[in-house]
Structures are given as C-alpha cells and as structure tokens.
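To start, the structure itself, in structure tokens.
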Amino acid sequence: MKNVLTIAGSDSSGGAGIQADLKTFSAHGTYGMSVITAVTAQNTQGVLAVQDISAAIIAQQLEAVFEDIEIHAVKIGMVSVVETIDTIAAKLKGYQAPNIVVDPVMVSKSGFRLLQPEAQAHLISKLLPLATIVTPNLPEAEVITGQKIETFEDMQQAAQNIHAMGAKNVLIKGGHRQTDATDILYDGEDFYYLPSVRIPSNNTHGTGCSLSSAIAANLGQGCEIFDAVRKAKDFITVAIEQALPLGKGVGPIHHFYALYKKAGLI
Ligand SMILES: Nc1ncnc2c1ncn2[C@@H]1O[C@H](COP(=O)(O)OP(=O)(O)OP(=O)(O)O)[C@@H](O)[C@H]1O
Ligand SMILES: Cc1ncc(COP(=O)(O)O)c(N)n1
C-alpha cells in the first residue's frame, strides 16, 4: 500500500478539496492523509465563507504526518495565503517529499476566490519549482503566464513558459475549452495530447482536484509521468460520465464508479 498526502482546503459538500482528494486516493487503492489549509462553507451552488488555518497548525499537521508515516506522493490544492505557501514550501523541502503534484487552485467553479491576489506570485515562485507536475486549467495558466490561451498552440506555448518557471512537467487542462476537453502534457521535451470529447454535464464540481489527486496516487504507486496522467485522465472521464446529480447547482463526480463496477456492485 502506498501513502498519499493532500494539502488542501475542506469542502463541506464533499465534491472538491480534501474530500474529493481522499475519495480519489481510496478509489486508487492508496492510503490517504490530509493537511487542511482552510475550511470552506461550500455546496454545489457556491462558497459561502472561508476560514484559513494558521501557519502554525499547518506546520504541525505536516510534522505529524511526515515524522510518522512514509509518504510516497503529495498533492497540493487550495493554499489561500502567502504564509500557508511559505510553510508548505519549507516543510516539503525539509522532508524531501517525493512526487509533488501542484494544482494551482485560484477561483472556484462558482467564482469564489480561493487564492488571495497577493499570493499568486508566491505560489509561482515557491511551489512551482518543487512540482513534479503542475496542473493549471486554462484561466489559471493565463494568470501564471500572463498570456491569452485559446488554441492548442497557445496551450503548448503556455506549457513551455510554465516549465521554464521550474515545474518538471506541466499539464494544461482543457476542461474550460468550448469544443472538447483535450489536456496537453509537456515534460520539457515533448508534448502529449490527452484527447477527450466534452461531456455535456453540469456536474463537474471538483474535477481538477480529483484529477490532480489521481495523478499523485498513480505517481505514488510507481507510474512514470505519462502513464500517471493518462490513467488519471481515464479515471476523471468515467467519473464525469457517471457524475452524481446532487444538490441544486454543480454536482459532484462519481469517484467510485469504476471501482463499484469492477466489484459488480453497480
Ligand atoms: N465537460 C467535460 N467533459 C470531459 N472532460 C472534462 C469536462 N470538464 C472537465 N473535464 C476534464 O476534467 C479535468 C479537470 O479539468 P478542468 O479544466 O475542469 O479543471 P479545473 O477547472 O481545475 O477543475 P475544478 O476547478 O472543478 O477542480 C481535465 O482532465 C478536463 O479535461
Ligand atoms: C476547498 C476547495 N478546493 C478547490 C476547489 C476547486 O474546485 P471547483 O473549481 O470545482 O469549485 C473548491 N471549490 N474548494
């Protein structure tokens, strides 16, 4: 059994954040752990409030898990503020954490800001150089690079620019494209297209969180980067196809569909 850690915010409705990450780790047969950076009061309709956790408690959560349990991969999601980013960067460096997946969460699907504007540059300078892979969606890639992204060529250019900022691998996600949902992986040498049709679903809450967690679980289990991303893309596509129409807004995906199906439970 491999052990995977998520460092992220809590989503009370269970569709995104820590809850999505832990479900994804379980669905991949890994042992999941969590360091909570912020608590959000959130549901399928939006984010009502956020309370950031203090840097001291974040540091202690990190110490508690790293001092005790071997960690094979780490996923970083919502980091909110500058102090949180500094704490995470220092601790991950100190513990020489392997297989770090950075999901540069900035704004929720419902439009709520989950990363303070003054923390954006900090995320780029402190977390990207630690990343085995960084997984921006199109708006996040636009903020990180300062360029407009519309075409596949734009996505490739953005991936190269983000790679130059220190991330070993870059996955530009295509979930915000109009025509399809093709993602592009860049490993510093080659581009790999992960094509997908656009599934006409409203229930895509937490897709980015779950994809990055699936990549972390796959890396923790020993996959090479392309395989880790390809398997995660297959996982997320099925989970979106079988998404759950819960709540009055953007519902969650079905993390366990593939597992239940294999076990003959559905
Ligand atoms: N409608 C869709 N059909 C097929 N795949 C999708 C769809 N929406 C998202 N995806 C896929 O889900 C993954 C997450 O992409 P997306 O761009 O939605 O991330 P995100 O905006 O960071 O997600 P979130 O902020 O909801 O966590 C990508 O692999 C993307 O291609
Ligand atoms: C705690 C937390 N982390 C991340 C997201 C992004 O997910 P989405 O874009 O689907 O709202 C979120 N809504 N909440």
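Residue numbers start at 1 in each chain; chains themselves are named A, B, ... in the order of the structure tokens; ligands are numbered from 1 in the order shown.
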Compile the contact shell of Gly15 in chain A as a VMD selection string: residues with an atom at most 10 Å away, counting only C-alpha atoms, same-chain residues fewer than 6 positions apart removed. chain A and resid 21 23 42 to 44 203 to 207 209 to 210 244 246 250 to 255
Which residues of chain A come within 10 Å of ligand 2, and what is each one's closest atom pair and distance in Å (one decimal), counting only C-alpha atoms and all ligand atoms, sorted by chain and residue number, as a tab-separated table?
residue	atom	partner	partner_atom_place_in_ligand_line	distance
A:Ala8	CA	ligand 2	1 (C)	6.5
A:Gly9	CA	ligand 2	1 (C)	3.8
A:Ser10	CA	ligand 2	1 (C)	4.6
A:Asp11	CA	ligand 2	1 (C)	4.6
A:Ser12	CA	ligand 2	1 (C)	8.3
A:Ser13	CA	ligand 2	14 (N)	9.3
A:Gly14	CA	ligand 2	1 (C)	9.1
A:Gly15	CA	ligand 2	10 (O)	7.5
A:Ala16	CA	ligand 2	12 (C)	5.0
A:Gly17	CA	ligand 2	3 (N)	3.7
A:Ile18	CA	ligand 2	1 (C)	6.6
A:Gln19	CA	ligand 2	1 (C)	8.4
A:Ala20	CA	ligand 2	3 (N)	8.8
A:Asp21	CA	ligand 2	3 (N)	9.5
A:Ile36	CA	ligand 2	1 (C)	9.2
A:Thr37	CA	ligand 2	1 (C)	8.8
A:Ala38	CA	ligand 2	1 (C)	7.2
A:Val39	CA	ligand 2	1 (C)	7.1
A:Thr40	CA	ligand 2	1 (C)	6.0
A:Ala41	CA	ligand 2	1 (C)	8.9
A:Gln42	CA	ligand 2	14 (N)	7.5
A:Asn43	CA	ligand 2	13 (N)	8.6
A:Thr44	CA	ligand 2	11 (O)	8.4
A:Gln45	CA	ligand 2	11 (O)	9.5
A:Gly46	CA	ligand 2	11 (O)	7.8
A:Val47	CA	ligand 2	13 (N)	7.2
A:Val50	CA	ligand 2	1 (C)	8.9
A:Ile76	CA	ligand 2	3 (N)	9.9
A:Gly77	CA	ligand 2	3 (N)	6.3
A:Met78	CA	ligand 2	3 (N)	5.1
A:Val79	CA	ligand 2	3 (N)	8.8
A:Ser80	CA	ligand 2	1 (C)	9.7
A:Asp103	CA	ligand 2	4 (C)	8.9
A:Pro104	CA	ligand 2	4 (C)	9.3
A:Val105	CA	ligand 2	4 (C)	6.0
A:Met106	CA	ligand 2	6 (C)	7.8
A:Val107	CA	ligand 2	9 (O)	6.5
A:Ser108	CA	ligand 2	11 (O)	3.6
A:Lys109	CA	ligand 2	9 (O)	3.8
A:Ser110	CA	ligand 2	11 (O)	6.0
A:Gly111	CA	ligand 2	11 (O)	7.9
A:Phe112	CA	ligand 2	13 (N)	8.0
A:Arg113	CA	ligand 2	13 (N)	9.3
A:Leu114	CA	ligand 2	2 (C)	7.3
A:Leu115	CA	ligand 2	4 (C)	9.9
A:Asn137	CA	ligand 2	9 (O)	9.5
A:Asn203	CA	ligand 2	10 (O)	9.3
A:Thr204	CA	ligand 2	10 (O)	6.4
A:His205	CA	ligand 2	10 (O)	3.7
A:Gly206	CA	ligand 2	10 (O)	3.6
A:Thr207	CA	ligand 2	10 (O)	5.9
A:Gly208	CA	ligand 2	7 (O)	6.4
A:Cys209	CA	ligand 2	4 (C)	6.2
A:Ser210	CA	ligand 2	7 (O)	9.1
A:Val250	CA	ligand 2	10 (O)	8.2
A:Gly251	CA	ligand 2	10 (O)	9.2
A:Pro252	CA	ligand 2	10 (O)	8.3
A:Ile253	CA	ligand 2	10 (O)	9.9
Among range 51-222 of chain A, which residues carry a DSSP assignment of strand (DSSP E or B), reported as a PyMOL selection string? chain A and resi 51-52+73-76+80+100-102+107+113+115+133-134+169-172+180+183-186+191-194+197+205
Taking 6 positions as the minimum chain separation for residues in the same chain, which residues sit within 9 Å of Thr84 in chain A when counting only C-alpha atoms? Answer as number ranges by chain. A: 37, 52-55, 58-59
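For the residues A:Ala217, A:Leu211, A:Val101, A:Ala141, ranking by smallest atom-to-atom distance to Ser26 in chain A using only C-alpha atoms places A:Ala217 first.
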Fewer than 4 positions away in the same chain doesn't count, so skip those; otherwise give me all residues within 12 Å of Gln178 in chain A, counting only C-alpha atoms, as a PyMOL selection string. chain A and resi 138+150-151+174+182+197-200
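Relative to CA of Ala167 in chain A, CA of Pro129 in chain A is found at 5.2 Å.
The interatomic distance for the pair CA of Leu194 in chain A and CA of Lys233 in chain A works out to 7.5 Å.
Shortest separation to ligand 1 among A:Lys231, A:Lys261, A:Lys2, A:Lys168 occurs at residue A:Lys231, atoms counted being only C-alpha atoms and all ligand atoms.
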Could you tell me, as a PyMOL selection string, which residues of range 7-184 of chain A DSSP assigns to alpha helix (DSSP H) when given the backbone? chain A and resi 17-27+55-66+82-94+120-122+138-145+152-164
Using only C-alpha atoms and all ligand atoms: which of A:Lys91, A:His176, A:Lys75, A:Lys262 has the shortest distance to ligand 1: A:His176
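The closest residue to Pro139 in chain A, picked from A:Asp68, A:Ile172, A:Val35, A:Tyr260 and counting only C-alpha atoms, is A:Ile172.
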Provide the CA of Leu22 in chain A to CA of Val4 in chain A distance in Å, to one decimal place. 9.0 Å
Need the shell around range 60-66 of chain A: protein/DNA/RNA residues with any atom at most 9 Å away, counting only C-alpha atoms. Skip same-chain ones fewer than 6 positions apart. Format as an mmCIF file with N, CA and C atoms, in the first residue's frame?
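See part_5.cif below for the written result:
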data_model
loop_
_atom_site.group_PDB
_atom_site.id
_atom_site.type_symbol
_atom_site.label_atom_id
_atom_site.label_comp_id
_atom_site.auth_asym_id
_atom_site.auth_seq_id
_atom_site.Cartn_x
_atom_site.Cartn_y
_atom_site.Cartn_z
ATOM 1 N N LEU A 5 -0.521 12.039 0.426
ATOM 2 C CA LEU A 5 -0.962 13.165 1.263
ATOM 3 C C LEU A 5 -1.570 14.264 0.410
ATOM 4 N N ILE A 7 -2.658 18.296 0.643
ATOM 5 C CA ILE A 7 -2.548 19.551 1.397
ATOM 6 C C ILE A 7 -3.520 20.494 0.701
ATOM 7 N N MET A 33 -4.005 10.713 3.357
ATOM 8 C CA MET A 33 -3.843 11.562 4.558
ATOM 9 C C MET A 33 -4.092 13.003 4.159
ATOM 10 N N SER A 34 -4.403 13.865 5.162
ATOM 11 C CA SER A 34 -4.721 15.254 4.799
ATOM 12 C C SER A 34 -4.105 16.266 5.750
ATOM 13 N N VAL A 35 -3.634 17.352 5.149
ATOM 14 C CA VAL A 35 -3.241 18.557 5.893
ATOM 15 C C VAL A 35 -4.196 19.647 5.416
ATOM 16 N N ILE A 36 -5.016 20.166 6.326
ATOM 17 C CA ILE A 36 -6.059 21.118 5.929
ATOM 18 C C ILE A 36 -5.546 22.556 6.032
ATOM 19 N N ILE A 88 4.293 25.465 3.630
ATOM 20 C CA ILE A 88 4.286 24.213 2.852
ATOM 21 C C ILE A 88 5.622 24.042 2.125
ATOM 22 N N LYS A 91 8.461 23.062 4.583
ATOM 23 C CA LYS A 91 8.330 21.697 5.127
ATOM 24 C C LYS A 91 8.575 20.636 4.052
ATOM 25 N N LEU A 92 8.025 20.844 2.867
ATOM 26 C CA LEU A 92 8.213 19.824 1.818
ATOM 27 C C LEU A 92 9.684 19.717 1.427
ATOM 28 N N TYR A 95 11.527 17.869 4.338
ATOM 29 C CA TYR A 95 11.274 16.412 4.383
ATOM 30 C C TYR A 95 11.595 15.731 3.050
ATOM 31 N N ALA A 97 10.069 15.705 0.243
ATOM 32 C CA ALA A 97 8.870 14.977 -0.197
ATOM 33 C C ALA A 97 8.973 14.606 -1.680
#
